[in-house]
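Student: Would you mind keeping the following structure in view while I ask a few things?
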Amino acid sequence: MTIDRSLFIPVILGTVRKGRASENVAKFVFGEVQKRAGVETELIDLRDLNLAVDDAGEQIKDAKFSATIERADGIVIVTPEYNHGYPGMLKHVLDSNLKEYIHKAVGLCGVSAGGFGGVRVIENLLPVLRELGLVTIFWDGNFSHAQRLFDENGKLLDEATHVERMDKFLGELIWMSKTLRYGREHVST
């Protein structure tokens with residue numbers, strides 16, 4: 001299969017908390033996506049979305065976010081693990097769209113203050129993403145001890161480990177994004 005136009009794979013920073021260690025992780029992941037040939041991206045910070053909290057579901061859609069997800073071929077979600085789960089605002093945002101997600105690839109990057117690299121948040125998000133119609137890849141990005149991974153300027157201290165793993169993660173996400181885009185465009189349901 002040849003691809004005649006770039007893939008579009010945005011990176012979502014899945015928390016709005018102050019002092020979030022996952023912000024540096026999201027910027028690192030975004031930078032790695034930017035390096036990939038044939039891929040366009042943008043960083044979506046949940047803080048920048050204008051979502052109501054007095055309603056639910058598709059009634060609270062942020063038009064720009066919905067258009068971005070509609071255009072996306074794949075998605076990367078960078079999310080911290082809060083008490084073995086995902087941030088409430090991330091779930092709130094994800095629930096604001098439905099048809100925009102169908103048959104699109106998603107890769108998860110879990111961020112934790114401890115040594116598990118967000119594996120529990122990833123486990124908790126998988127059934128949610130499946131229900132939304134997203135297709136999860138089998139590689140995860142795991143970032144343990146996030147508060148110690150970057151220097152004061154946001155530079156990753158141990159690039160070798162994370163760059164190599166992110167290369168495999170993005171390779172799988174790009175392959176799945178291409179495959180699913182081909183399916184959306186050429187295979188009837």
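Numbering starts fresh at 1 for the residues of each chain in the structure tokens, the chains themselves are lettered A, B, ... in the order given, and ligands are numbered from 1 as they appear.
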Give me, as a list in words, all polymer residues having an atom no more than 12 Å from A:Gly31, counting only C-alpha atoms and skipping those fewer than 4 positions away in the same chain.
Tutor: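 Non-adjacent residues within range: Pro10, Val11, Asn24, Val25, Ala26, Lys27, Lys35, Arg36, Val39, Glu40, Thr41, Glu42, Leu43, Lys155, Leu156, Val163, Met166, Asp167 and Leu170 of chain A.
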Student: Using only C-alpha atoms, I'd like a table of the residues in stretch 65-98 of chain A that come within 6 Å of stretch 120-127 of chain A; for each, show the closest atom pair and its distance in Å rounded to one decimal, ordered by chain and ascending number, as a tab-separated table.
Tutor:
residue	atom	partner	partner_atom	distance
A:Glu81	CA	A:Val121	CA	5.1
A:His84	CA	A:Arg120	CA	5.4
A:Gly85	CA	A:Val121	CA	4.7
A:Tyr86	CA	A:Val121	CA	5.4
Student: Please provide the set of residues having any atom within 8 Å of A:Leu134, restricted to only C-alpha atoms, with same-chain residues fewer than 4 positions apart removed, written as number ranges by chain.
Tutor: A: 101-106, 129-130
Student: How would the residues just chosen look if you wrote them out with C-alpha atoms as an mmCIF file, in the first residue's frame?
Tutor:
data_model
loop_
_atom_site.group_PDB
_atom_site.id
_atom_site.type_symbol
_atom_site.label_atom_id
_atom_site.label_comp_id
_atom_site.auth_asym_id
_atom_site.auth_seq_id
_atom_site.Cartn_x
_atom_site.Cartn_y
_atom_site.Cartn_z
ATOM 1 C CA TYR A 101 -12.855 7.730 16.870
ATOM 2 C CA ILE A 102 -14.181 4.747 14.914
ATOM 3 C CA HIS A 103 -11.455 2.513 13.424
ATOM 4 C CA LYS A 104 -8.565 4.784 14.362
ATOM 5 C CA ALA A 105 -5.351 3.695 16.053
ATOM 6 C CA VAL A 106 -4.431 4.863 19.522
ATOM 7 C CA LEU A 129 -10.909 3.234 24.302
ATOM 8 C CA ARG A 130 -12.266 -0.003 22.880
#
Student: Can you tell me which residues surround A:Thr15 at a distance of at most 9 Å, considering only C-alpha atoms, apart from same-chain residues fewer than 2 positions away, and format the answer as a ChimeraX atom specification?
Tutor: /A:13,17-18,20,22-23,45-47,78-80,86-90
Student: How would the residues just chosen look if you wrote them out with C-alpha atoms as a PDB file, in the first residue's frame?
Tutor:
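Resulting contents of part_37.pdb:
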ATOM      1  CA  LEU A  13      -1.806  15.634  27.110  1.00  0.00           C
ATOM      2  CA  ARG A  17      -3.424  19.631  36.970  1.00  0.00           C
ATOM      3  CA  LYS A  18      -0.859  22.214  37.974  1.00  0.00           C
ATOM      4  CA  ARG A  20       2.007  17.968  36.032  1.00  0.00           C
ATOM      5  CA  SER A  22       3.393  14.423  32.328  1.00  0.00           C
ATOM      6  CA  GLU A  23       3.768  17.743  30.469  1.00  0.00           C
ATOM      7  CA  ASP A  45      -3.376  20.204  25.916  1.00  0.00           C
ATOM      8  CA  LEU A  46      -6.647  19.564  27.743  1.00  0.00           C
ATOM      9  CA  ARG A  47      -6.163  22.895  29.517  1.00  0.00           C
ATOM     10  CA  VAL A  78      -0.084  10.792  27.324  1.00  0.00           C
ATOM     11  CA  THR A  79      -1.729  10.368  30.692  1.00  0.00           C
ATOM     12  CA  PRO A  80      -0.586  10.291  34.286  1.00  0.00           C
ATOM     13  CA  TYR A  86      -6.905   8.039  34.688  1.00  0.00           C
ATOM     14  CA  PRO A  87      -7.713  11.727  35.171  1.00  0.00           C
ATOM     15  CA  GLY A  88     -11.408  12.534  35.266  1.00  0.00           C
ATOM     16  CA  MET A  89     -11.005  15.382  32.793  1.00  0.00           C
ATOM     17  CA  LEU A  90      -9.438  13.006  30.250  1.00  0.00           C
TER      18      LEU A  90
END
Student: Which distance in Å separates atom CA of A:Val119 and atom CA of A:Ile77, to one decimal?
Tutor: 13.3 Å
Student: Would you mind telling me which residue in A:Leu51, A:Val33, A:Ala160, A:Leu108 lies nearest to A:Gly14 when using only C-alpha atoms?
Tutor: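 Residue with the minimum atom-to-atom distance to A:Gly14: A:Leu108.
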Student: Give me, as a list in words, all polymer residues having an atom no more than 8 Å from A:Gly141, counting only C-alpha atoms and skipping those fewer than 5 positions away in the same chain.
Tutor: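 Skipping anything fewer than 5 positions along the chain leaves Gly107, Leu108, Cys109, Gly110, Arg165, Met166 and Phe169 of chain A.
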Student: Would you output that residue set with all heavy atoms, as a short mmCIF file (atom, residue, chain, number, x, y, z; two decimals), in the first residue's frame?
Tutor:
data_model
loop_
_atom_site.label_atom_id
_atom_site.label_comp_id
_atom_site.auth_asym_id
_atom_site.auth_seq_id
_atom_site.Cartn_x
_atom_site.Cartn_y
_atom_site.Cartn_z
N GLY A 107 -2.30 4.97 20.66
CA GLY A 107 -1.20 4.49 21.48
C GLY A 107 -1.22 5.22 22.80
O GLY A 107 -1.54 6.42 22.84
N LEU A 108 -0.91 4.51 23.87
CA LEU A 108 -0.97 5.08 25.21
C LEU A 108 0.41 5.21 25.83
O LEU A 108 1.21 4.27 25.79
CB LEU A 108 -1.83 4.21 26.12
CG LEU A 108 -3.30 4.13 25.74
CD1 LEU A 108 -3.98 3.05 26.56
CD2 LEU A 108 -3.96 5.47 25.96
N CYS A 109 0.66 6.36 26.42
CA CYS A 109 1.87 6.60 27.20
C CYS A 109 1.45 6.88 28.63
O CYS A 109 0.79 7.89 28.91
CB CYS A 109 2.66 7.79 26.64
SG CYS A 109 3.34 7.49 25.00
N GLY A 110 1.79 5.96 29.51
CA GLY A 110 1.47 6.11 30.92
C GLY A 110 2.61 6.77 31.66
O GLY A 110 3.78 6.49 31.41
N ARG A 165 12.51 2.90 22.78
CA ARG A 165 11.17 2.36 23.01
C ARG A 165 10.12 3.17 22.24
O ARG A 165 9.19 2.60 21.67
CB ARG A 165 10.85 2.35 24.50
CG ARG A 165 9.51 1.71 24.78
CD ARG A 165 9.46 1.11 26.16
NE ARG A 165 8.16 0.55 26.42
CZ ARG A 165 7.81 -0.71 26.17
NH1 ARG A 165 8.66 -1.55 25.65
NH2 ARG A 165 6.60 -1.15 26.45
N MET A 166 10.28 4.49 22.20
CA MET A 166 9.33 5.32 21.47
C MET A 166 9.39 5.04 19.97
O MET A 166 8.39 5.11 19.27
CB MET A 166 9.59 6.81 21.78
CG MET A 166 8.48 7.75 21.38
SD MET A 166 6.81 7.39 21.96
CE MET A 166 7.03 7.04 23.68
N PHE A 169 7.26 2.03 19.53
CA PHE A 169 5.88 2.46 19.78
C PHE A 169 5.33 3.19 18.54
O PHE A 169 4.25 2.86 18.04
CB PHE A 169 5.89 3.37 21.01
CG PHE A 169 4.60 4.09 21.31
CD1 PHE A 169 3.66 3.53 22.17
CD2 PHE A 169 4.33 5.35 20.78
CE1 PHE A 169 2.49 4.21 22.48
CE2 PHE A 169 3.17 6.02 21.08
CZ PHE A 169 2.23 5.44 21.94
#
Student: List as a count of residues only the protein and nucleic acid residues near A:Val93, meaning an atom at most 10 Å away when only C-alpha atoms are counted, but skip any in the same chain fewer than 5 places from it.
Tutor: 15
Student: Can you pull out the residues contacting A:Ser144? Cut-off 9 Å, using only C-alpha atoms, and skip same-chain residues under 2 positions away; I want them as a list in words.
Tutor: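 Answer for this query is Gly110, Val111, Ser112, Ala113, Gly114, Gly115, Phe116, Gly117, Gly118, Asn142, Ala146, Gln147, Arg148 and Leu149 of chain A.
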Student: What's the separation between atom CA of A:Ala37 and atom CA of A:Glu172, in Å to one decimal place?
Tutor: 14.3 Å
Student: Point out the residue among A:Asp73, A:Glu159, A:Glu100, A:Glu152 with the least atom-to-atom distance to A:Thr179, counting only C-alpha atoms.
Tutor: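 Residue with the minimum atom-to-atom distance to A:Thr179: A:Asp73.
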Student: Interatomic distance between atom CA of A:Met176 and atom CA of A:Asp158?
Tutor: 27.6 Å
Student: Which of chain A end up as alpha helix (DSSP H) when DSSP is run on this backbone - answer as a PyMOL selection string?
Tutor: chain A and resi 22-34+63-71+88-94+119-132+159-186
Student: Please save C-alpha atoms of the selected residues as a PDB file, in the first residue's frame.
Tutor:
ATOM      1  CA  SER A  22       3.393  14.423  32.328  1.00  0.00           C
ATOM      2  CA  GLU A  23       3.768  17.743  30.469  1.00  0.00           C
ATOM      3  CA  ASN A  24       7.463  17.076  29.808  1.00  0.00           C
ATOM      4  CA  VAL A  25       6.614  13.544  28.693  1.00  0.00           C
ATOM      5  CA  ALA A  26       3.979  14.856  26.269  1.00  0.00           C
ATOM      6  CA  LYS A  27       6.446  17.360  24.828  1.00  0.00           C
ATOM      7  CA  PHE A  28       9.048  14.605  24.402  1.00  0.00           C
ATOM      8  CA  VAL A  29       6.547  12.280  22.681  1.00  0.00           C
ATOM      9  CA  PHE A  30       5.311  15.136  20.491  1.00  0.00           C
ATOM     10  CA  GLY A  31       8.917  15.843  19.449  1.00  0.00           C
ATOM     11  CA  GLU A  32       9.439  12.183  18.538  1.00  0.00           C
ATOM     12  CA  VAL A  33       6.266  12.153  16.424  1.00  0.00           C
ATOM     13  CA  GLN A  34       7.436  15.331  14.667  1.00  0.00           C
ATOM     14  CA  ALA A  63     -15.539  22.066  17.924  1.00  0.00           C
ATOM     15  CA  LYS A  64     -11.779  22.351  17.360  1.00  0.00           C
ATOM     16  CA  PHE A  65     -11.018  19.165  19.311  1.00  0.00           C
ATOM     17  CA  SER A  66     -13.744  17.261  17.430  1.00  0.00           C
ATOM     18  CA  ALA A  67     -12.434  18.467  14.064  1.00  0.00           C
ATOM     19  CA  THR A  68      -8.899  17.460  15.050  1.00  0.00           C
ATOM     20  CA  ILE A  69     -10.008  13.970  16.079  1.00  0.00           C
ATOM     21  CA  GLU A  70     -12.131  13.626  12.942  1.00  0.00           C
ATOM     22  CA  ARG A  71      -9.060  14.435  10.821  1.00  0.00           C
ATOM     23  CA  GLY A  88     -11.408  12.534  35.266  1.00  0.00           C
ATOM     24  CA  MET A  89     -11.005  15.382  32.793  1.00  0.00           C
ATOM     25  CA  LEU A  90      -9.438  13.006  30.250  1.00  0.00           C
ATOM     26  CA  LYS A  91     -12.498  10.751  30.470  1.00  0.00           C
ATOM     27  CA  HIS A  92     -14.750  13.806  30.225  1.00  0.00           C
ATOM     28  CA  VAL A  93     -12.974  14.921  27.034  1.00  0.00           C
ATOM     29  CA  LEU A  94     -12.870  11.448  25.482  1.00  0.00           C
ATOM     30  CA  VAL A 119       0.788   0.515  33.546  1.00  0.00           C
ATOM     31  CA  ARG A 120      -2.330   0.660  35.727  1.00  0.00           C
ATOM     32  CA  VAL A 121      -3.699   3.742  33.995  1.00  0.00           C
ATOM     33  CA  ILE A 122      -3.120   2.050  30.644  1.00  0.00           C
ATOM     34  CA  GLU A 123      -4.941  -1.090  31.821  1.00  0.00           C
ATOM     35  CA  ASN A 124      -7.846   1.036  33.017  1.00  0.00           C
ATOM     36  CA  LEU A 125      -8.092   3.025  29.782  1.00  0.00           C
ATOM     37  CA  LEU A 126      -8.089   0.046  27.395  1.00  0.00           C
ATOM     38  CA  PRO A 127     -11.767  -0.899  27.822  1.00  0.00           C
ATOM     39  CA  VAL A 128     -12.809   2.762  27.557  1.00  0.00           C
ATOM     40  CA  LEU A 129     -10.909   3.234  24.302  1.00  0.00           C
ATOM     41  CA  ARG A 130     -12.266  -0.003  22.880  1.00  0.00           C
ATOM     42  CA  GLU A 131     -15.822   1.096  23.679  1.00  0.00           C
ATOM     43  CA  LEU A 132     -15.178   4.372  21.837  1.00  0.00           C
ATOM     44  CA  GLU A 159      17.327   9.473  26.060  1.00  0.00           C
ATOM     45  CA  ALA A 160      18.679   6.071  24.975  1.00  0.00           C
ATOM     46  CA  THR A 161      16.023   4.027  26.759  1.00  0.00           C
ATOM     47  CA  HIS A 162      13.041   6.182  25.924  1.00  0.00           C
ATOM     48  CA  VAL A 163      13.980   7.088  22.348  1.00  0.00           C
ATOM     49  CA  GLU A 164      14.452   3.413  21.430  1.00  0.00           C
ATOM     50  CA  ARG A 165      11.168   2.364  23.006  1.00  0.00           C
ATOM     51  CA  MET A 166       9.327   5.323  21.472  1.00  0.00           C
ATOM     52  CA  ASP A 167      10.705   4.351  18.061  1.00  0.00           C
ATOM     53  CA  LYS A 168       9.065   0.907  18.377  1.00  0.00           C
ATOM     54  CA  PHE A 169       5.880   2.463  19.775  1.00  0.00           C
ATOM     55  CA  LEU A 170       5.590   4.943  16.896  1.00  0.00           C
ATOM     56  CA  GLY A 171       6.498   2.328  14.300  1.00  0.00           C
ATOM     57  CA  GLU A 172       3.537   0.223  15.411  1.00  0.00           C
ATOM     58  CA  LEU A 173       1.201   3.226  15.726  1.00  0.00           C
ATOM     59  CA  ILE A 174       2.084   4.449  12.233  1.00  0.00           C
ATOM     60  CA  TRP A 175       1.638   0.977  10.723  1.00  0.00           C
ATOM     61  CA  MET A 176      -1.749   0.587  12.413  1.00  0.00           C
ATOM     62  CA  SER A 177      -2.791   4.114  11.416  1.00  0.00           C
ATOM     63  CA  LYS A 178      -1.950   3.420   7.763  1.00  0.00           C
ATOM     64  CA  THR A 179      -3.741   0.093   7.810  1.00  0.00           C
ATOM     65  CA  LEU A 180      -6.875   1.446   9.457  1.00  0.00           C
ATOM     66  CA  ARG A 181      -6.980   4.489   7.170  1.00  0.00           C
ATOM     67  CA  TYR A 182      -6.821   2.150   4.181  1.00  0.00           C
ATOM     68  CA  GLY A 183      -9.670   0.138   5.694  1.00  0.00           C
ATOM     69  CA  ARG A 184     -11.817   3.209   6.405  1.00  0.00           C
ATOM     70  CA  GLU A 185     -11.332   4.398   2.821  1.00  0.00           C
ATOM     71  CA  HIS A 186     -11.543   1.103   0.909  1.00  0.00           C
TER      72      HIS A 186
END
